[in-house]
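S.K.: Structure incoming, see below.
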Amino acid sequence: DIVVELIGGTRDAFDIVAAALRAHKPVVTGNKALLAERGIELFSLSREHDTPIHFEAAVAGGIPIIKTVQESFIGNRIHSMTGIINGTSNYILERMTTAGLDFQAALSEAQQLGYAEADPALDVNGWDAAHKAILLATLAYGFPIDPTRVHVAGIEQVRPIDIEFATRLGYVVKLLAVIREQPDGAVELRLQPSFIAKSHILASVHGVFNAVAVHGDAAGESLFYGRGAGQDPTASSVVADLVEAARSLRLPEGHRGFLPYRENGRLLPVEDTETAYYVRFDVTDRPGVIAEIARVLAEAGIGISGTHSPVNPESPDADFVDMVFLLHTCRFGRLQETLSEIEKLDCVNSSPVVFRIEKL
């Protein structure tokens, strides 16, 4: 009577789910990639055949965030959702912070403990969390979202120097999903490593836990926290959906799953998003480097709030060093254009590494 799809992937799983919907059999799935990448087709089939798709397990493991947004917040206009929705990345960043591990060592530890897959690409490159963020944004704002238009950056380039610098400034580094409605109705949706203040409640999300902060116009601020992965939390959500699907079969009104309720919506281009930034440059150590970089930034109208060049005590006379700039709030597009110009300087040896400094 009901089809439960937990095989993962987007090809065979799509065929199974599509066939089930055409046969008028409700579907329960935990497949975030399937719904994020091919949800437009599947939700269309769901509408056409009046048959629901339930997908609580696809986002944040055992946290009932899907039902909450879909049902409990139905009387709200959701202004924003921000969250930590990948436990593997959160664990890696925390071990880099608390144990002083580098990225590879923290990743290896996560794999040994079973928190990361043998192929951890989707976790560390940000796309696991991005798929979840796309689903949350679709729920909140009611229109299908093209994944190719979503800005995603992972944690592969995070180094101990970044963690150390964040700590010194009163921040922690988190892989943060930001979903925010703009005054003109456009939706800001992005996923990237970010500096967030230690005083913010999301800074206290440790280990493999997930948390999503939801701001509704009527309910105000709410926080949902719990285990975001693992067989038991995921199973909890799957069984809850299975019971809901079974109940819906008995109801004369039928369909109780999610359907997009707006045909059109607009994502804010990532180039138009604005935050302050932490930028790390790999530079040749010679006089005038700071002045050269600062000149390009000044010509672009981007303000500098601080600079720092940490000395490695093991090799104080090294020819190549890391140079950190803290930049005032500006458009991300302007920053990208300016960094492209800076990258052409003889003193800059590789592409700059950028972290957003978030105001939450």
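Ligands are numbered from 1 in the order shown, chains are lettered A, B, ... in the order of the structure tokens, and residues start at 1 in each chain.
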For stretch 86-185 of chain A versus stretch 342-354 of chain A, which residues have an atom no more than 12 Å away, and what is each residue's nearest atom pair and distance in Å rounded to one decimal, using only C-alpha atoms, chain-then-number order, as JSON lines?
M.R.:
```
{"residue": "A:Ala153", "atom": "CA", "partner": "A:Val354", "partner_atom": "CA", "distance": 9.7}
{"residue": "A:Gly154", "atom": "CA", "partner": "A:Val354", "partner_atom": "CA", "distance": 11.1}
{"residue": "A:Ile155", "atom": "CA", "partner": "A:Val353", "partner_atom": "CA", "distance": 10.7}
{"residue": "A:Glu156", "atom": "CA", "partner": "A:Val353", "partner_atom": "CA", "distance": 10.6}
{"residue": "A:Gln157", "atom": "CA", "partner": "A:Val353", "partner_atom": "CA", "distance": 7.2}
{"residue": "A:Val158", "atom": "CA", "partner": "A:Val353", "partner_atom": "CA", "distance": 8.5}
{"residue": "A:Arg159", "atom": "CA", "partner": "A:Val353", "partner_atom": "CA", "distance": 10.1}
{"residue": "A:Ile161", "atom": "CA", "partner": "A:Val353", "partner_atom": "CA", "distance": 11.8}
{"residue": "A:Asp162", "atom": "CA", "partner": "A:Val353", "partner_atom": "CA", "distance": 9.7}
```
S.K.: If you keep all heavy atoms, can you produce a file of those selected residues as a compact mmCIF listing (two decimals), in the first residue's frame?
M.R.:
```
# COMPACT_ATOMS: atom_id res chain seq x y z
N ALA A 153 29.60 26.20 -0.73
CA ALA A 153 31.04 26.07 -0.47
C ALA A 153 31.22 25.15 0.73
O ALA A 153 30.46 25.25 1.71
CB ALA A 153 31.68 27.43 -0.21
N GLY A 154 32.19 24.24 0.66
CA GLY A 154 32.40 23.28 1.72
C GLY A 154 33.52 23.68 2.67
O GLY A 154 34.00 24.81 2.66
N ILE A 155 33.95 22.71 3.49
CA ILE A 155 34.92 23.00 4.55
C ILE A 155 36.32 22.49 4.22
O ILE A 155 37.20 22.54 5.07
CB ILE A 155 34.46 22.40 5.90
CG1 ILE A 155 34.42 20.86 5.81
CG2 ILE A 155 33.10 22.95 6.30
CD1 ILE A 155 34.22 20.19 7.16
N GLU A 156 36.54 22.04 2.98
CA GLU A 156 37.83 21.42 2.66
C GLU A 156 39.01 22.37 2.84
O GLU A 156 40.13 21.93 3.09
CB GLU A 156 37.83 20.91 1.21
CG GLU A 156 36.66 20.03 0.84
CD GLU A 156 35.59 20.80 0.09
OE1 GLU A 156 35.24 21.93 0.54
OE2 GLU A 156 35.11 20.32 -0.95
N GLN A 157 38.76 23.68 2.69
CA GLN A 157 39.87 24.63 2.76
C GLN A 157 40.06 25.25 4.16
O GLN A 157 40.90 26.13 4.33
CB GLN A 157 39.65 25.76 1.74
CG GLN A 157 39.68 25.26 0.29
CD GLN A 157 39.69 26.41 -0.69
OE1 GLN A 157 40.72 27.05 -0.92
NE2 GLN A 157 38.53 26.71 -1.25
N VAL A 158 39.28 24.78 5.13
CA VAL A 158 39.44 25.30 6.48
C VAL A 158 40.75 24.78 7.07
O VAL A 158 41.03 23.58 7.04
CB VAL A 158 38.27 24.89 7.39
CG1 VAL A 158 38.48 25.44 8.80
CG2 VAL A 158 36.95 25.39 6.82
N ARG A 159 41.56 25.68 7.60
CA ARG A 159 42.84 25.31 8.18
C ARG A 159 42.90 25.75 9.64
O ARG A 159 42.13 26.62 10.07
CB ARG A 159 43.97 25.96 7.38
CG ARG A 159 44.17 25.32 6.00
CD ARG A 159 45.17 26.05 5.16
NE ARG A 159 46.39 26.38 5.88
CZ ARG A 159 47.37 27.13 5.37
NH1 ARG A 159 47.25 27.63 4.15
NH2 ARG A 159 48.45 27.40 6.07
N ILE A 161 44.78 27.72 11.10
CA ILE A 161 44.96 29.16 11.24
C ILE A 161 43.61 29.88 11.24
O ILE A 161 43.41 30.86 11.97
CB ILE A 161 45.88 29.72 10.12
CG1 ILE A 161 46.08 31.22 10.32
CG2 ILE A 161 45.33 29.44 8.75
CD1 ILE A 161 46.98 31.85 9.28
N ASP A 162 42.65 29.38 10.43
CA ASP A 162 41.33 30.00 10.37
C ASP A 162 40.58 29.80 11.68
O ASP A 162 39.93 30.72 12.20
CB ASP A 162 40.52 29.41 9.21
CG ASP A 162 41.24 29.52 7.88
OD1 ASP A 162 41.82 30.59 7.61
OD2 ASP A 162 41.24 28.53 7.13
```
S.K.: List the neighbours of A:Ser199 out to 12 Å using only C-alpha atoms; skip same-chain residues closer than 3 positions along the sequence, and give me the result as a PyMOL selection string.
M.R.: chain A and resi 169-172+195-196+202-205+359-360
S.K.: Applying 10 Å and only C-alpha atoms, which residues near A:Gly301 remain after dropping the ones on its own chain fewer than 2 positions away? List them as a PDB file with N, CA, C and O atoms, in the first residue's frame.
M.R.:
```pdb
ATOM      1  N   ARG A 295      45.540  48.447  -1.705  1.00  0.00           N
ATOM      2  CA  ARG A 295      45.271  49.391  -2.799  1.00  0.00           C
ATOM      3  C   ARG A 295      44.128  48.892  -3.681  1.00  0.00           C
ATOM      4  O   ARG A 295      43.216  49.664  -4.030  1.00  0.00           O
ATOM      5  N   VAL A 296      44.142  47.596  -4.033  1.00  0.00           N
ATOM      6  CA  VAL A 296      43.094  47.045  -4.902  1.00  0.00           C
ATOM      7  C   VAL A 296      41.743  47.079  -4.183  1.00  0.00           C
ATOM      8  O   VAL A 296      40.711  47.413  -4.769  1.00  0.00           O
ATOM      9  N   LEU A 297      41.770  46.753  -2.905  1.00  0.00           N
ATOM     10  CA  LEU A 297      40.527  46.798  -2.131  1.00  0.00           C
ATOM     11  C   LEU A 297      39.984  48.225  -2.047  1.00  0.00           C
ATOM     12  O   LEU A 297      38.773  48.455  -2.193  1.00  0.00           O
ATOM     13  N   ALA A 298      40.866  49.179  -1.836  1.00  0.00           N
ATOM     14  CA  ALA A 298      40.440  50.578  -1.727  1.00  0.00           C
ATOM     15  C   ALA A 298      39.845  51.069  -3.041  1.00  0.00           C
ATOM     16  O   ALA A 298      38.831  51.781  -3.052  1.00  0.00           O
ATOM     17  N   GLU A 299      40.462  50.693  -4.147  1.00  0.00           N
ATOM     18  CA  GLU A 299      39.952  51.110  -5.456  1.00  0.00           C
ATOM     19  C   GLU A 299      38.555  50.546  -5.713  1.00  0.00           C
ATOM     20  O   GLU A 299      37.757  51.141  -6.441  1.00  0.00           O
ATOM     21  N   GLY A 303      36.096  48.348   2.437  1.00  0.00           N
ATOM     22  CA  GLY A 303      36.825  48.762   3.630  1.00  0.00           C
ATOM     23  C   GLY A 303      37.500  47.607   4.344  1.00  0.00           C
ATOM     24  O   GLY A 303      37.030  46.465   4.307  1.00  0.00           O
ATOM     25  N   ILE A 304      38.614  47.910   5.008  1.00  0.00           N
ATOM     26  CA  ILE A 304      39.380  46.920   5.762  1.00  0.00           C
ATOM     27  C   ILE A 304      39.228  47.230   7.247  1.00  0.00           C
ATOM     28  O   ILE A 304      39.488  48.348   7.689  1.00  0.00           O
ATOM     29  N   HIS A 328      34.974  44.915   5.622  1.00  0.00           N
ATOM     30  CA  HIS A 328      33.647  45.423   5.959  1.00  0.00           C
ATOM     31  C   HIS A 328      32.594  44.821   5.030  1.00  0.00           C
ATOM     32  O   HIS A 328      32.911  44.267   3.975  1.00  0.00           O
ATOM     33  N   CYS A 330      30.080  44.148   2.246  1.00  0.00           N
ATOM     34  CA  CYS A 330      29.968  44.578   0.847  1.00  0.00           C
ATOM     35  C   CYS A 330      29.249  43.481   0.067  1.00  0.00           C
ATOM     36  O   CYS A 330      29.047  42.367   0.559  1.00  0.00           O
ATOM     37  N   ARG A 334      30.937  42.115  -5.768  1.00  0.00           N
ATOM     38  CA  ARG A 334      32.057  43.059  -5.783  1.00  0.00           C
ATOM     39  C   ARG A 334      33.310  42.426  -5.184  1.00  0.00           C
ATOM     40  O   ARG A 334      34.417  42.602  -5.689  1.00  0.00           O
ATOM     41  N   LEU A 335      33.135  41.674  -4.102  1.00  0.00           N
ATOM     42  CA  LEU A 335      34.284  41.004  -3.495  1.00  0.00           C
ATOM     43  C   LEU A 335      34.917  40.020  -4.466  1.00  0.00           C
ATOM     44  O   LEU A 335      36.150  39.981  -4.616  1.00  0.00           O
ATOM     45  N   THR A 338      36.912  41.824  -7.087  1.00  0.00           N
ATOM     46  CA  THR A 338      38.118  42.412  -6.517  1.00  0.00           C
ATOM     47  C   THR A 338      39.165  41.342  -6.219  1.00  0.00           C
ATOM     48  O   THR A 338      40.366  41.546  -6.472  1.00  0.00           O
TER      49      THR A 338
END
```
S.K.: With a distance cut-off of 10 Å and only C-alpha atoms, select the neighbouring residues of A:Arg38, excluding the residue or stretch itself and same-chain residues fewer than 6 positions from it, and output the selection as a list in words.
M.R.: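 The residues that qualify are Thr10, Arg11, Phe14, Lys32, Pro144, Ile145, Asp146 and Pro147 of chain A.
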S.K.: Can you spit out the residues from that selection as a tab-separated table (two decimals), in the first residue's frame, using N, CA, C and O atoms?
M.R.:
```
chain	number	residue	atom	x	y	z
A	10	THR	N	19.86	9.14	-7.24
A	10	THR	CA	18.81	9.91	-7.92
A	10	THR	C	18.29	9.25	-9.19
A	10	THR	O	17.39	9.79	-9.82
A	11	ARG	N	18.83	8.11	-9.57
A	11	ARG	CA	18.38	7.48	-10.82
A	11	ARG	C	17.38	6.36	-10.54
A	11	ARG	O	16.19	6.49	-10.85
A	14	PHE	N	14.56	7.54	-8.35
A	14	PHE	CA	13.56	8.33	-9.07
A	14	PHE	C	12.57	7.42	-9.76
A	14	PHE	O	11.34	7.65	-9.71
A	32	LYS	N	17.28	13.12	0.33
A	32	LYS	CA	17.34	14.58	0.12
A	32	LYS	C	17.85	14.95	-1.27
A	32	LYS	O	17.37	15.90	-1.88
A	144	PRO	N	9.59	25.50	-6.47
A	144	PRO	CA	10.73	24.61	-6.72
A	144	PRO	C	11.99	25.42	-6.97
A	144	PRO	O	11.95	26.50	-7.59
A	145	ILE	N	13.12	24.90	-6.51
A	145	ILE	CA	14.40	25.62	-6.60
A	145	ILE	C	15.39	24.81	-7.41
A	145	ILE	O	15.58	23.60	-7.18
A	146	ASP	N	16.04	25.45	-8.35
A	146	ASP	CA	17.05	24.82	-9.19
A	146	ASP	C	18.37	24.76	-8.42
A	146	ASP	O	18.94	25.81	-8.09
A	147	PRO	N	18.89	23.55	-8.11
A	147	PRO	CA	20.13	23.46	-7.33
A	147	PRO	C	21.33	24.16	-7.97
A	147	PRO	O	22.23	24.60	-7.26
```
S.K.: So which residues touch A:Gly9 within 8 Å, counting only C-alpha atoms, skipping near sequence neighbours fewer than 5 positions away, as a list in words?
M.R.: Asn31, Ala33 and Leu34 of chain A
S.K.: Please identify all polymer residues within 9 Å of A:Gly230, counting only C-alpha atoms, omitting same-chain residues fewer than 4 positions from it, and present them as a VMD selection string.
M.R.: chain A and resid 61 to 62 115 234 to 235
S.K.: Step one, run DSSP on the backbone; step two, keep only residues of stretch 154-339 of chain A assigned to strand (DSSP E or B); then write them as a PyMOL selection string.
M.R.: chain A and resi 171-181+187-197+209-216+220-227+267+274-284+304-308+320-331
